$ cat my_file_16.txt   # compact mmCIF, C-alpha atoms
# COMPACT_ATOMS: atom_id res chain seq x y z
CA MET J 1 -15.59 -23.07 -44.71
CA LYS J 2 -12.30 -22.17 -43.09
CA LYS J 3 -9.63 -24.83 -42.89
CA MET J 4 -9.46 -26.76 -39.68
CA ALA J 5 -6.90 -25.98 -37.03
CA LYS J 6 -3.59 -27.70 -36.70
CA ASN J 7 -2.29 -28.88 -33.35
CA ALA J 8 -1.22 -25.84 -31.30
CA SER J 9 1.90 -27.70 -30.20
CA ASP J 10 3.35 -27.58 -33.73
CA ARG J 11 6.47 -25.45 -33.32
CA PRO J 12 5.79 -21.84 -33.79
CA THR J 13 6.85 -18.57 -34.92
CA THR J 14 6.50 -15.34 -33.00
CA GLY J 15 7.61 -12.55 -35.25
CA MET J 16 6.77 -9.79 -37.67
CA ALA J 17 5.33 -12.27 -40.17
CA ASN J 18 2.45 -12.95 -37.77
CA ARG J 19 1.62 -9.30 -37.12
CA PRO J 20 -0.90 -7.22 -39.05
CA GLY J 21 0.07 -4.57 -41.56
CA LYS J 22 0.13 -0.96 -40.45
CA ASP J 23 -3.04 -0.30 -42.46
CA ASP J 24 -4.95 -3.37 -41.23
CA LEU J 25 -7.86 -2.67 -38.91
CA ILE J 26 -7.35 -3.69 -35.26
CA LEU J 27 -10.20 -3.73 -32.73
CA VAL J 28 -9.63 -3.28 -29.00
CA ALA J 29 -12.73 -4.09 -26.95
CA GLY J 30 -12.77 -2.57 -23.48
CA ALA J 31 -10.65 0.33 -24.74
CA GLY J 32 -12.12 2.71 -22.17
CA GLY J 33 -10.57 0.69 -19.35
CA PHE J 34 -7.08 0.58 -17.88
CA ILE J 35 -5.41 -2.19 -19.92
CA GLY J 36 -7.48 -1.61 -23.06
CA GLY J 37 -6.68 2.09 -23.12
CA ALA J 38 -2.98 1.41 -22.63
CA LEU J 39 -3.06 -1.15 -25.47
CA VAL J 40 -4.67 1.31 -27.91
CA ARG J 41 -2.07 3.92 -26.97
CA GLN J 42 0.74 1.41 -27.60
CA LEU J 43 -0.64 0.31 -30.96
CA ALA J 44 -0.91 3.95 -32.07
CA ASP J 45 2.66 4.61 -30.93
CA GLN J 46 3.79 1.59 -32.96
CA GLY J 47 2.39 3.18 -36.10
CA TYR J 48 -0.83 1.22 -36.64
CA ARG J 49 -3.05 3.62 -38.53
CA ARG J 50 -6.45 1.89 -38.38
CA LEU J 51 -7.52 1.35 -34.79
CA ARG J 52 -11.05 0.88 -33.52
CA ALA J 53 -11.56 1.39 -29.79
CA VAL J 54 -14.84 0.24 -28.24
CA ASP J 55 -16.26 0.56 -24.74
CA LYS J 56 -19.74 0.93 -23.26
CA LYS J 57 -18.74 3.89 -21.08
CA PRO J 58 -19.44 7.40 -22.44
CA LEU J 59 -16.30 8.84 -24.05
CA PRO J 60 -15.59 11.37 -21.26
CA HIS J 61 -15.37 8.43 -18.85
CA TRP J 62 -12.64 6.55 -20.74
CA TYR J 63 -9.35 6.21 -18.88
CA GLN J 64 -7.39 7.13 -22.00
CA ARG J 65 -8.73 8.57 -25.22
CA VAL J 66 -6.39 8.03 -28.17
CA PRO J 67 -7.01 10.59 -30.95
CA GLU J 68 -5.65 8.26 -33.65
CA ALA J 69 -8.35 5.65 -32.94
CA GLU J 70 -11.95 5.45 -34.09
CA SER J 71 -13.71 5.47 -30.70
CA LEU J 72 -17.16 3.88 -30.47
CA VAL J 73 -19.52 3.66 -27.50
CA LEU J 74 -21.11 0.21 -27.75
CA ASP J 75 -22.35 -2.31 -25.20
CA LEU J 76 -20.69 -5.50 -26.41
CA SER J 77 -22.96 -7.74 -24.37
CA GLU J 78 -25.43 -7.17 -27.25
CA GLU J 79 -24.87 -9.23 -30.39
CA ARG J 80 -25.63 -6.48 -32.92
CA ASN J 81 -23.01 -4.23 -31.35
CA CYS J 82 -20.40 -6.96 -31.65
CA ARG J 83 -21.15 -7.32 -35.35
CA ARG J 84 -20.64 -3.58 -35.80
CA ALA J 85 -17.43 -3.58 -33.75
CA VAL J 86 -15.65 -6.31 -35.72
CA GLU J 87 -16.47 -5.05 -39.22
CA GLY J 88 -13.25 -5.31 -41.24
CA ALA J 89 -11.08 -6.17 -38.22
CA VAL J 90 -8.01 -8.33 -38.89
CA GLU J 91 -7.23 -8.67 -35.17
CA VAL J 92 -9.56 -8.46 -32.15
CA TYR J 93 -8.39 -7.91 -28.58
CA ASN J 94 -11.14 -8.68 -26.06
CA LEU J 95 -10.35 -6.84 -22.84
CA ALA J 96 -13.99 -5.94 -22.17
CA ALA J 97 -15.45 -7.10 -18.86
CA ASP J 98 -17.34 -5.74 -15.90
CA MET J 99 -14.76 -6.14 -13.15
CA GLY J 100 -12.60 -4.47 -10.53
CA GLY J 101 -10.59 -5.32 -7.45
CA MET J 102 -11.49 -7.97 -4.90
CA GLY J 103 -14.11 -5.75 -3.28
CA PHE J 104 -16.02 -5.59 -6.57
CA ILE J 105 -15.47 -9.21 -7.59
CA GLU J 106 -16.79 -10.61 -4.30
CA ARG J 107 -19.82 -8.29 -4.09
CA PHE J 108 -21.01 -8.22 -7.70
CA ARG J 109 -20.79 -11.77 -9.00
CA ILE J 110 -23.75 -11.48 -11.36
CA GLU J 111 -22.20 -8.48 -13.13
CA CYS J 112 -18.96 -10.44 -13.49
CA LEU J 113 -20.77 -13.51 -14.84
CA ARG J 114 -22.68 -11.45 -17.40
CA SER J 115 -19.38 -10.61 -19.12
CA ILE J 116 -19.65 -14.05 -20.71
CA LEU J 117 -22.15 -12.46 -23.09
CA ILE J 118 -19.39 -10.18 -24.40
CA ASN J 119 -17.00 -12.95 -25.32
CA THR J 120 -19.77 -15.23 -26.63
CA HIS J 121 -21.09 -12.64 -29.07
CA LEU J 122 -17.73 -11.07 -29.92
CA ILE J 123 -15.92 -14.28 -30.85
CA GLU J 124 -18.83 -15.42 -33.02
CA ALA J 125 -18.93 -12.05 -34.76
CA ALA J 126 -15.15 -12.08 -35.23
CA TRP J 127 -15.26 -15.54 -36.82
CA ARG J 128 -18.09 -14.56 -39.16
CA ALA J 129 -16.23 -11.37 -40.13
CA GLY J 130 -13.10 -13.32 -41.09
CA THR J 131 -10.89 -12.01 -38.30
CA ARG J 132 -7.44 -13.64 -38.38
CA ARG J 133 -6.50 -13.50 -34.67
CA TYR J 134 -8.56 -13.11 -31.50
CA PHE J 135 -7.13 -12.37 -28.04
CA PHE J 136 -9.00 -13.11 -24.80
CA SER J 137 -7.93 -11.62 -21.48
CA SER J 138 -8.47 -14.34 -18.91
CA SER J 139 -7.44 -14.22 -15.26
CA ALA J 140 -5.66 -16.12 -12.53
CA CYS J 141 -9.07 -16.12 -10.84
CA ALA J 142 -9.81 -19.10 -13.13
CA TYR J 143 -7.51 -21.29 -11.02
CA ASN J 144 -8.70 -23.83 -8.47
CA VAL J 145 -9.16 -21.90 -5.23
CA LYS J 146 -8.38 -25.04 -3.20
CA LEU J 147 -4.75 -24.59 -4.27
CA GLN J 148 -4.70 -21.04 -2.88
CA GLU J 149 -5.66 -21.51 0.76
CA ASP J 150 -2.17 -20.92 2.19
CA PRO J 151 -0.15 -17.68 1.86
CA ASN J 152 2.90 -19.87 1.19
CA CYS J 153 1.22 -21.83 -1.59
CA ARG J 154 3.21 -23.03 -4.57
CA ALA J 155 3.10 -21.03 -7.77
CA LEU J 156 0.20 -21.88 -10.06
CA LYS J 157 0.93 -23.56 -13.37
CA GLU J 158 -1.47 -23.61 -16.29
CA SER J 159 -2.74 -27.14 -15.62
CA ASP J 160 -3.91 -26.08 -12.14
CA ALA J 161 -7.17 -24.72 -13.57
CA TYR J 162 -8.47 -28.32 -13.56
CA PRO J 163 -10.13 -29.98 -11.77
CA ALA J 164 -12.11 -26.75 -11.92
CA PHE J 165 -12.95 -24.83 -8.75
CA ALA J 166 -12.64 -21.23 -9.92
CA GLU J 167 -13.53 -18.11 -7.96
CA ARG J 168 -17.30 -17.68 -7.97
CA GLY J 169 -18.57 -15.29 -10.59
CA TYR J 170 -15.53 -13.71 -12.23
CA GLY J 171 -13.33 -16.82 -12.25
CA TRP J 172 -15.97 -19.10 -13.74
CA GLU J 173 -16.77 -16.57 -16.46
CA LYS J 174 -13.11 -16.57 -17.46
CA LEU J 175 -12.82 -20.34 -17.45
CA VAL J 176 -15.89 -20.88 -19.63
CA SER J 177 -14.83 -18.12 -22.03
CA GLU J 178 -11.46 -19.82 -22.39
CA MET J 179 -13.31 -22.91 -23.59
CA PHE J 180 -15.06 -20.85 -26.26
CA CYS J 181 -11.67 -19.67 -27.53
CA GLN J 182 -10.31 -23.20 -27.62
CA GLU J 183 -13.33 -24.60 -29.47
CA TYR J 184 -13.44 -21.80 -32.04
CA TRP J 185 -9.90 -22.81 -33.00
CA ALA J 186 -10.52 -26.57 -32.91
CA GLU J 187 -13.84 -26.53 -34.76
CA ARG J 188 -13.82 -23.34 -36.84
CA GLY J 189 -10.16 -22.45 -37.32
CA LEU J 190 -10.19 -19.02 -35.68
CA ARG J 191 -6.70 -18.49 -34.26
CA THR J 192 -7.21 -17.49 -30.62
CA ALA J 193 -4.83 -16.43 -27.84
CA ILE J 194 -5.57 -16.75 -24.12
CA ALA J 195 -3.59 -14.99 -21.38
CA ARG J 196 -4.33 -15.47 -17.68
CA PHE J 197 -3.51 -12.08 -16.16
CA HIS J 198 -2.07 -11.86 -12.66
CA ASN J 199 -2.89 -8.52 -10.95
CA VAL J 200 -2.03 -5.82 -13.46
CA TYR J 201 -1.24 -2.33 -12.11
CA GLY J 202 0.25 0.97 -13.20
CA PRO J 203 -0.57 4.59 -14.11
CA TRP J 204 -3.84 5.45 -15.86
CA GLY J 205 -5.74 2.87 -13.84
CA THR J 206 -8.52 2.96 -11.25
CA TRP J 207 -7.19 4.28 -7.93
CA ASP J 208 -10.40 5.17 -6.07
CA GLY J 209 -14.09 4.39 -5.95
CA GLY J 210 -14.27 0.67 -5.13
CA ARG J 211 -12.96 -1.00 -8.30
CA GLU J 212 -9.25 -0.36 -7.69
CA LYS J 213 -6.86 -3.25 -7.07
CA ALA J 214 -4.45 -3.63 -4.17
CA PRO J 215 -1.42 -1.69 -5.50
CA ALA J 216 -3.49 1.37 -6.39
CA ALA J 217 -5.57 1.14 -3.20
CA ILE J 218 -2.46 0.92 -1.01
CA CYS J 219 -0.81 3.83 -2.83
CA ARG J 220 -3.93 5.97 -2.42
CA LYS J 221 -4.25 5.19 1.28
CA VAL J 222 -0.59 6.02 1.92
CA ILE J 223 -0.92 9.26 -0.05
CA GLU J 224 -4.06 10.22 1.88
CA ALA J 225 -2.25 9.54 5.16
CA LYS J 226 0.76 11.57 4.08
CA HIS J 227 -1.20 14.64 3.03
CA SER J 228 -3.80 14.54 5.80
CA GLY J 229 -1.25 14.09 8.57
CA LYS J 230 -3.28 11.16 9.93
CA HIS J 231 -0.55 8.55 9.81
CA GLU J 232 -2.53 5.33 9.83
CA ILE J 233 -3.77 2.90 7.20
CA GLN J 234 -6.56 0.33 7.02
CA ILE J 235 -5.59 -2.98 5.41
CA TRP J 236 -8.13 -5.53 4.21
CA GLY J 237 -7.49 -8.88 5.86
CA ASP J 238 -4.53 -9.58 8.11
CA GLY J 239 -1.87 -8.50 5.61
CA THR J 240 -0.39 -11.97 5.18
CA GLN J 241 -2.16 -12.64 1.87
CA THR J 242 0.38 -13.17 -0.92
CA ARG J 243 0.20 -12.08 -4.57
CA SER J 244 2.34 -11.27 -7.57
CA PHE J 245 1.80 -7.92 -9.31
CA MET J 246 2.55 -7.19 -12.98
CA TYR J 247 3.33 -3.69 -14.22
CA ILE J 248 1.32 -2.53 -17.24
CA ASP J 249 4.35 -2.37 -19.59
CA ASP J 250 5.07 -6.07 -19.00
CA CYS J 251 1.41 -6.85 -19.58
CA LEU J 252 1.37 -5.08 -22.95
CA LYS J 253 4.54 -6.82 -24.12
CA GLY J 254 3.13 -10.18 -23.05
CA ILE J 255 -0.14 -9.58 -24.90
CA ASP J 256 1.77 -8.88 -28.11
CA LEU J 257 4.02 -11.93 -27.82
CA ILE J 258 1.20 -14.31 -26.90
CA MET J 259 -1.15 -12.99 -29.58
CA HIS J 260 1.43 -13.55 -32.32
CA SER J 261 2.84 -16.92 -31.24
CA ASP J 262 1.39 -19.69 -33.39
CA ALA J 263 2.62 -22.24 -30.83
CA LEU J 264 0.30 -20.78 -28.21
CA THR J 265 -2.86 -20.82 -30.29
CA ALA J 266 -5.87 -21.63 -28.09
CA THR J 267 -3.50 -22.40 -25.20
CA PRO J 268 -4.07 -20.66 -21.84
CA ILE J 269 -0.84 -19.22 -20.47
CA ASN J 270 0.11 -17.31 -17.34
CA LEU J 271 0.92 -13.64 -17.79
CA GLY J 272 2.27 -12.31 -14.52
CA THR J 273 5.45 -11.89 -12.54
CA SER J 274 6.74 -14.63 -10.26
CA GLU J 275 7.75 -12.09 -7.58
CA MET J 276 5.39 -13.03 -4.75
CA ILE J 277 4.98 -10.60 -1.84
CA THR J 278 2.56 -10.17 1.06
CA ILE J 279 0.13 -7.29 1.31
CA ASN J 280 2.12 -6.13 4.34
CA GLU J 281 5.24 -6.02 2.17
CA LEU J 282 3.33 -4.07 -0.45
CA VAL J 283 2.51 -1.50 2.25
CA ASP J 284 6.19 -1.46 3.30
CA ILE J 285 7.21 -0.50 -0.24
CA ALA J 286 4.57 2.22 -0.53
CA GLU J 287 5.70 3.64 2.82
CA GLU J 288 9.32 3.70 1.63
CA ILE J 289 8.28 5.60 -1.49
CA ALA J 290 6.33 8.11 0.60
CA GLY J 291 9.05 8.39 3.25
CA LEU J 292 6.88 7.67 6.27
CA LYS J 293 5.66 4.90 8.57
CA LEU J 294 2.02 4.32 9.32
CA LYS J 295 0.05 2.70 12.08
CA ARG J 296 -1.72 -0.32 10.61
CA ARG J 297 -5.31 -1.30 11.30
CA TYR J 298 -6.52 -4.62 9.91
CA ASP J 299 -10.13 -5.11 8.77
CA LEU J 300 -10.65 -8.86 9.06
CA ALA J 301 -14.23 -8.60 7.78
CA ALA J 302 -13.27 -6.95 4.48
CA PRO J 303 -12.97 -8.88 1.19
CA ARG J 304 -9.52 -10.43 1.00
CA GLY J 305 -9.65 -13.02 -1.77
CA VAL J 306 -7.61 -16.22 -1.67
CA ALA J 307 -4.82 -16.57 0.89
CA GLY J 308 -2.02 -16.93 -1.65
CA ARG J 309 -1.45 -16.75 -5.39
CA ASN J 310 1.65 -16.62 -7.56
CA SER J 311 2.45 -17.24 -11.23
CA ASP J 312 4.53 -20.24 -12.30
CA ASN J 313 6.36 -18.88 -15.34
CA THR J 314 7.99 -22.12 -16.48
CA PHE J 315 5.72 -22.40 -19.52
CA ILE J 316 5.97 -18.80 -20.74
CA LYS J 317 9.76 -18.86 -20.45
CA LYS J 318 9.87 -22.09 -22.44
CA MET J 319 7.54 -20.86 -25.18
CA LEU J 320 8.57 -17.21 -25.51
CA ASN J 321 12.01 -17.08 -23.90
CA TRP J 322 10.61 -14.19 -21.85
CA GLU J 323 8.64 -13.46 -18.70
CA PRO J 324 7.34 -10.31 -17.02
CA GLY J 325 10.17 -8.96 -14.92
CA ILE J 326 9.63 -5.32 -13.90
CA PRO J 327 10.20 -5.39 -10.09
CA ILE J 328 7.34 -4.30 -7.84
CA ARG J 329 9.49 -1.54 -6.29
CA GLN J 330 10.11 0.00 -9.71
CA GLY J 331 6.55 -0.26 -10.96
CA LEU J 332 4.94 0.81 -7.70
CA LYS J 333 7.07 3.97 -7.53
CA LEU J 334 5.82 5.04 -10.96
CA THR J 335 2.25 4.16 -9.99
CA TYR J 336 2.50 5.99 -6.66
CA GLN J 337 3.83 9.15 -8.34
CA TRP J 338 1.00 9.15 -10.87
CA ILE J 339 -1.70 8.57 -8.22
CA GLU J 340 -0.24 11.32 -6.04
CA ARG J 341 -0.54 13.77 -8.94
CA GLN J 342 -4.14 12.65 -9.42
CA TYR J 343 -4.81 13.09 -5.70
CA LEU J 344 -3.34 16.60 -5.62
CA ASP J 345 -5.30 17.55 -8.74
CA ARG J 346 -8.48 16.47 -6.99
CA GLN J 347 -7.57 18.47 -3.90
CA ALA J 348 -7.06 21.50 -6.15
CA GLY J 349 -10.49 21.02 -7.75
CA ARG J 350 -9.23 19.62 -11.05
CA ALA J 351 -10.82 16.56 -12.68
CA THR J 352 -9.05 13.20 -12.32
CA VAL J 353 -9.40 9.78 -13.94
CA CYS J 354 -11.59 8.48 -11.13
CA ASP J 355 -13.79 11.57 -10.79
CA VAL J 356 -15.63 10.75 -14.03
CA HIS J 357 -16.29 7.08 -13.24

$ encode --input "my_file_16.txt" --output "structure tokens"
Amino acid sequence: MKKMAKNASDRPTTGMANRPGKDDLILVAGAGGFIGGALVRQLADQGYRRLRAVDKKPLPHWYQRVPEAESLVLDLSEERNCRRAVEGAVEVYNLAADMGGMGFIERFRIECLRSILINTHLIEAAWRAGTRRYFFSSSACAYNVKLQEDPNCRALKESDAYPAFAERGYGWEKLVSEMFCQEYWAERGLRTAIARFHNVYGPWGTWDGGREKAPAAICRKVIEAKHSGKHEIQIWGDGTQTRSFMYIDDCLKGIDLIMHSDALTATPINLGTSEMITINELVDIAEEIAGLKLKRRYDLAAPRGVAGRNSDNTFIKKMLNWEPGIPIRQGLKLTYQWIERQYLDRQAGRATVCDVH
């Protein structure tokens, strides 16, 4: 029997002593997706020599394929596949989920809810395999939606998840899976980390097809308008919805710091920027990057999500002396440039990230 957990508030260390050795096996679940693929690439670049990347999508459909990693096609909603995935793994990063932007989340709630099978089986398999650390990618969708009914709402702090009133489907799956992570630490001593992501974006992500999030969708629409000569754009909702958007590099750094902070064991924490902007302002920035102005048409019947959401970073600054800080103008420019190359490749008949999904 493993020793029981200590209180997560005992003062921590976040440093090299908590990190695995370069020859320890690390598993990234959901490695065929945007964040998972970027994480595998980063771990390889950092010199980790034993990486296992798992996703249910066929290999040609992965967003990034990292040659240094052992890449397995496994559906982790099945228990036997989870046991295979965690064999020998010192650390497990669970970024596997059936999800997408607001259009997907609102229309496919059952698919989102079924992701609870992944975390349920994976965390049990990880504990049985003797994994030392387990990371769960939660979401700001776990927060009480009653606190997000005004575009000018206050920033959400970690305690705002309760009393619980999460977004239907996706949000409830995240909230319940967080509980699993907390109880596996309290009862079985598996050191878990829980980060509530706020709208991650960047290159090598979905930019077309219905699962893309707002930054990528806006960039694509502006690019289409620019190259077609039809200078108009359709915006979901009235454009006053507010959000914060975190660039992928900040997300990866936050994952590493949270995973290896003993003080944050089994403690949900925001991982997002505190730079709140409206969707209209997001369009403004994309237009500036493209060097044009568009006529705006608003689709009030389209999925729009909550009216306002922002990340209160008081806790992460206190615990890690850091917060995500890459400005939206900087990150969106890099994202726009990458999506425009993808768009032009498609126009020229070359395969793109989204053409195989």

$ residues_around --input "my_file_16.txt" --residues "stretch 19-35 of chain J" --least-positions-apart "3" --cutoff "8 Å" --atoms "all atoms listed in the file" --output "PyMOL selection string"
chain J and resi 15-16+38-40+47-57+59+61-65+85-86+88-97+204-206+248+252+260

$ write_last_selection --input "my_file_16.txt" --atoms "C-alpha atoms" --output "PDB file, in the frame of the given file"
ATOM      1  CA  GLY J  15       7.610 -12.550 -35.250  1.00  0.00           C
ATOM      2  CA  MET J  16       6.770  -9.790 -37.670  1.00  0.00           C
ATOM      3  CA  ALA J  38      -2.980   1.410 -22.630  1.00  0.00           C
ATOM      4  CA  LEU J  39      -3.060  -1.150 -25.470  1.00  0.00           C
ATOM      5  CA  VAL J  40      -4.670   1.310 -27.910  1.00  0.00           C
ATOM      6  CA  GLY J  47       2.390   3.180 -36.100  1.00  0.00           C
ATOM      7  CA  TYR J  48      -0.830   1.220 -36.640  1.00  0.00           C
ATOM      8  CA  ARG J  49      -3.050   3.620 -38.530  1.00  0.00           C
ATOM      9  CA  ARG J  50      -6.450   1.890 -38.380  1.00  0.00           C
ATOM     10  CA  LEU J  51      -7.520   1.350 -34.790  1.00  0.00           C
ATOM     11  CA  ARG J  52     -11.050   0.880 -33.520  1.00  0.00           C
ATOM     12  CA  ALA J  53     -11.560   1.390 -29.790  1.00  0.00           C
ATOM     13  CA  VAL J  54     -14.840   0.240 -28.240  1.00  0.00           C
ATOM     14  CA  ASP J  55     -16.260   0.560 -24.740  1.00  0.00           C
ATOM     15  CA  LYS J  56     -19.740   0.930 -23.260  1.00  0.00           C
ATOM     16  CA  LYS J  57     -18.740   3.890 -21.080  1.00  0.00           C
ATOM     17  CA  LEU J  59     -16.300   8.840 -24.050  1.00  0.00           C
ATOM     18  CA  HIS J  61     -15.370   8.430 -18.850  1.00  0.00           C
ATOM     19  CA  TRP J  62     -12.640   6.550 -20.740  1.00  0.00           C
ATOM     20  CA  TYR J  63      -9.350   6.210 -18.880  1.00  0.00           C
ATOM     21  CA  GLN J  64      -7.390   7.130 -22.000  1.00  0.00           C
ATOM     22  CA  ARG J  65      -8.730   8.570 -25.220  1.00  0.00           C
ATOM     23  CA  ALA J  85     -17.430  -3.580 -33.750  1.00  0.00           C
ATOM     24  CA  VAL J  86     -15.650  -6.310 -35.720  1.00  0.00           C
ATOM     25  CA  GLY J  88     -13.250  -5.310 -41.240  1.00  0.00           C
ATOM     26  CA  ALA J  89     -11.080  -6.170 -38.220  1.00  0.00           C
ATOM     27  CA  VAL J  90      -8.010  -8.330 -38.890  1.00  0.00           C
ATOM     28  CA  GLU J  91      -7.230  -8.670 -35.170  1.00  0.00           C
ATOM     29  CA  VAL J  92      -9.560  -8.460 -32.150  1.00  0.00           C
ATOM     30  CA  TYR J  93      -8.390  -7.910 -28.580  1.00  0.00           C
ATOM     31  CA  ASN J  94     -11.140  -8.680 -26.060  1.00  0.00           C
ATOM     32  CA  LEU J  95     -10.350  -6.840 -22.840  1.00  0.00           C
ATOM     33  CA  ALA J  96     -13.990  -5.940 -22.170  1.00  0.00           C
ATOM     34  CA  ALA J  97     -15.450  -7.100 -18.860  1.00  0.00           C
ATOM     35  CA  TRP J 204      -3.840   5.450 -15.860  1.00  0.00           C
ATOM     36  CA  GLY J 205      -5.740   2.870 -13.840  1.00  0.00           C
ATOM     37  CA  THR J 206      -8.520   2.960 -11.250  1.00  0.00           C
ATOM     38  CA  ILE J 248       1.320  -2.530 -17.240  1.00  0.00           C
ATOM     39  CA  LEU J 252       1.370  -5.080 -22.950  1.00  0.00           C
ATOM     40  CA  HIS J 260       1.430 -13.550 -32.320  1.00  0.00           C
TER      41      HIS J 260
END

$ atom_distance --input "my_file_16.txt" --atom1 "atom CA of J:Lys174" --atom2 "atom CA of J:Leu147"
17.6 Å

$ atom_distance --input "my_file_16.txt" --atom1 "atom CA of J:Leu76" --atom2 "atom CA of J:Ala126"
12.3 Å

$ residues_around --input "my_file_16.txt" --residues "J:Leu156" --least-positions-apart "2" --cutoff "7 Å" --atoms "all atoms listed in the file" --output "PyMOL selection string"
chain J and resi 154+158+160+310-312

$ atom_distance --input "my_file_16.txt" --atom1 "atom CA of J:Pro327" --atom2 "atom CA of J:Ser139"
20.4 Å

$ closest_residue --input "my_file_16.txt" --among "J:Val176, J:Tyr162, J:Tyr336, J:Ser228" --to "J:Tyr201" --atoms "all atoms listed in the file"
J:Tyr336

$ residues_near_point --input "my_file_16.txt" --point "(1.8, 4.8, -11.4)" --cutoff "10 Å" --atoms "all atoms listed in the file" --output "list in words"
Tyr201, Gly202, Pro203, Trp204, Gly205, Trp207, Pro215, Ala216, Cys219, Tyr247, Ile248, Gln330, Gly331, Leu332, Lys333, Leu334, Thr335, Tyr336, Gln337, Trp338, Ile339, Glu340 and Arg341 of chain J

$ closest_residue --input "my_file_16.txt" --among "J:Glu70, J:Glu106, J:Glu124, J:Asp45" --to "J:Arg188" --atoms "only C-alpha atoms"
J:Glu124

$ closest_residue --input "my_file_16.txt" --among "J:Ala266, J:Leu43, J:Ala348, J:Ala225" --to "J:Tyr184" --atoms "only C-alpha atoms"
J:Ala266

$ closest_residue --input "my_file_16.txt" --among "J:Arg168, J:Leu74, J:Glu287, J:Glu173" --to "J:Leu117" --atoms "all atoms listed in the file"
J:Glu173

$ closest_residue --input "my_file_16.txt" --among "J:Leu300, J:Leu344, J:Cys153, J:Leu282" --to "J:Ile223" --atoms "all atoms listed in the file"
J:Leu344

$ residues_around --input "my_file_16.txt" --residues "J:Thr192" --least-positions-apart "4" --cutoff "8 Å" --atoms "only C-alpha atoms" --output "list in words"
Arg133, Tyr134, Phe135, Phe136, Cys181, Gln182, Tyr184, Trp185, Met259, Thr265 and Ala266 of chain J

$ closest_residue --input "my_file_16.txt" --among "J:Tyr343, J:Phe245, J:Tyr143, J:Trp236" --to "J:Leu175" --atoms "all atoms listed in the file"
J:Tyr143

$ residues_around --input "my_file_16.txt" --residues "J:Leu320" --least-positions-apart "2" --cutoff "10 Å" --atoms "all atoms listed in the file" --output "ChimeraX atom specification"
/J:12-14,254,257-258,261,263-264,315-318,322-323

$ axis_aligned_box --input "my_file_16.txt" --around "stretch 112-115 of chain J" --padding-each-side "8 Å" --output "lines of an AutoDock Vina configuration file"
center_x = -20.8
center_y = -12.0
center_z = -16.3
size_x = 19.7
size_y = 19.1
size_z = 21.6

$ build_atoms --input "my_file_16.txt" --residues "stretch 141-153 of chain J" --atoms "N, CA and C atoms" --output "compact mmCIF listing (two decimals), in the frame of the given file"
# COMPACT_ATOMS: atom_id res chain seq x y z
N CYS J 141 -7.89 -15.75 -11.62
CA CYS J 141 -9.07 -16.12 -10.84
C CYS J 141 -9.72 -17.39 -11.38
N ALA J 142 -9.30 -17.84 -12.56
CA ALA J 142 -9.81 -19.10 -13.13
C ALA J 142 -9.23 -20.32 -12.43
N TYR J 143 -8.17 -20.14 -11.65
CA TYR J 143 -7.51 -21.29 -11.02
C TYR J 143 -8.30 -21.85 -9.84
N ASN J 144 -8.05 -23.12 -9.56
CA ASN J 144 -8.70 -23.83 -8.47
C ASN J 144 -8.37 -23.16 -7.13
N VAL J 145 -9.40 -22.63 -6.47
CA VAL J 145 -9.16 -21.90 -5.23
C VAL J 145 -8.65 -22.81 -4.11
N LYS J 146 -8.86 -24.11 -4.22
CA LYS J 146 -8.38 -25.04 -3.20
C LYS J 146 -6.85 -25.07 -3.15
N LEU J 147 -6.22 -24.63 -4.23
CA LEU J 147 -4.75 -24.59 -4.27
C LEU J 147 -4.20 -23.26 -3.75
N GLN J 148 -5.10 -22.39 -3.26
CA GLN J 148 -4.70 -21.04 -2.88
C GLN J 148 -5.13 -20.69 -1.46
N GLU J 149 -5.16 -21.71 -0.60
CA GLU J 149 -5.66 -21.51 0.76
C GLU J 149 -4.56 -21.20 1.77
N ASP J 150 -3.31 -21.18 1.32
CA ASP J 150 -2.17 -20.92 2.19
C ASP J 150 -1.35 -19.78 1.59
N PRO J 151 -0.98 -18.77 2.41
CA PRO J 151 -0.15 -17.68 1.86
C PRO J 151 1.16 -18.16 1.25
N ASN J 152 1.64 -19.32 1.71
CA ASN J 152 2.90 -19.87 1.19
C ASN J 152 2.67 -20.95 0.13
N CYS J 153 1.57 -20.83 -0.59
CA CYS J 153 1.22 -21.83 -1.59
C CYS J 153 2.25 -21.83 -2.72
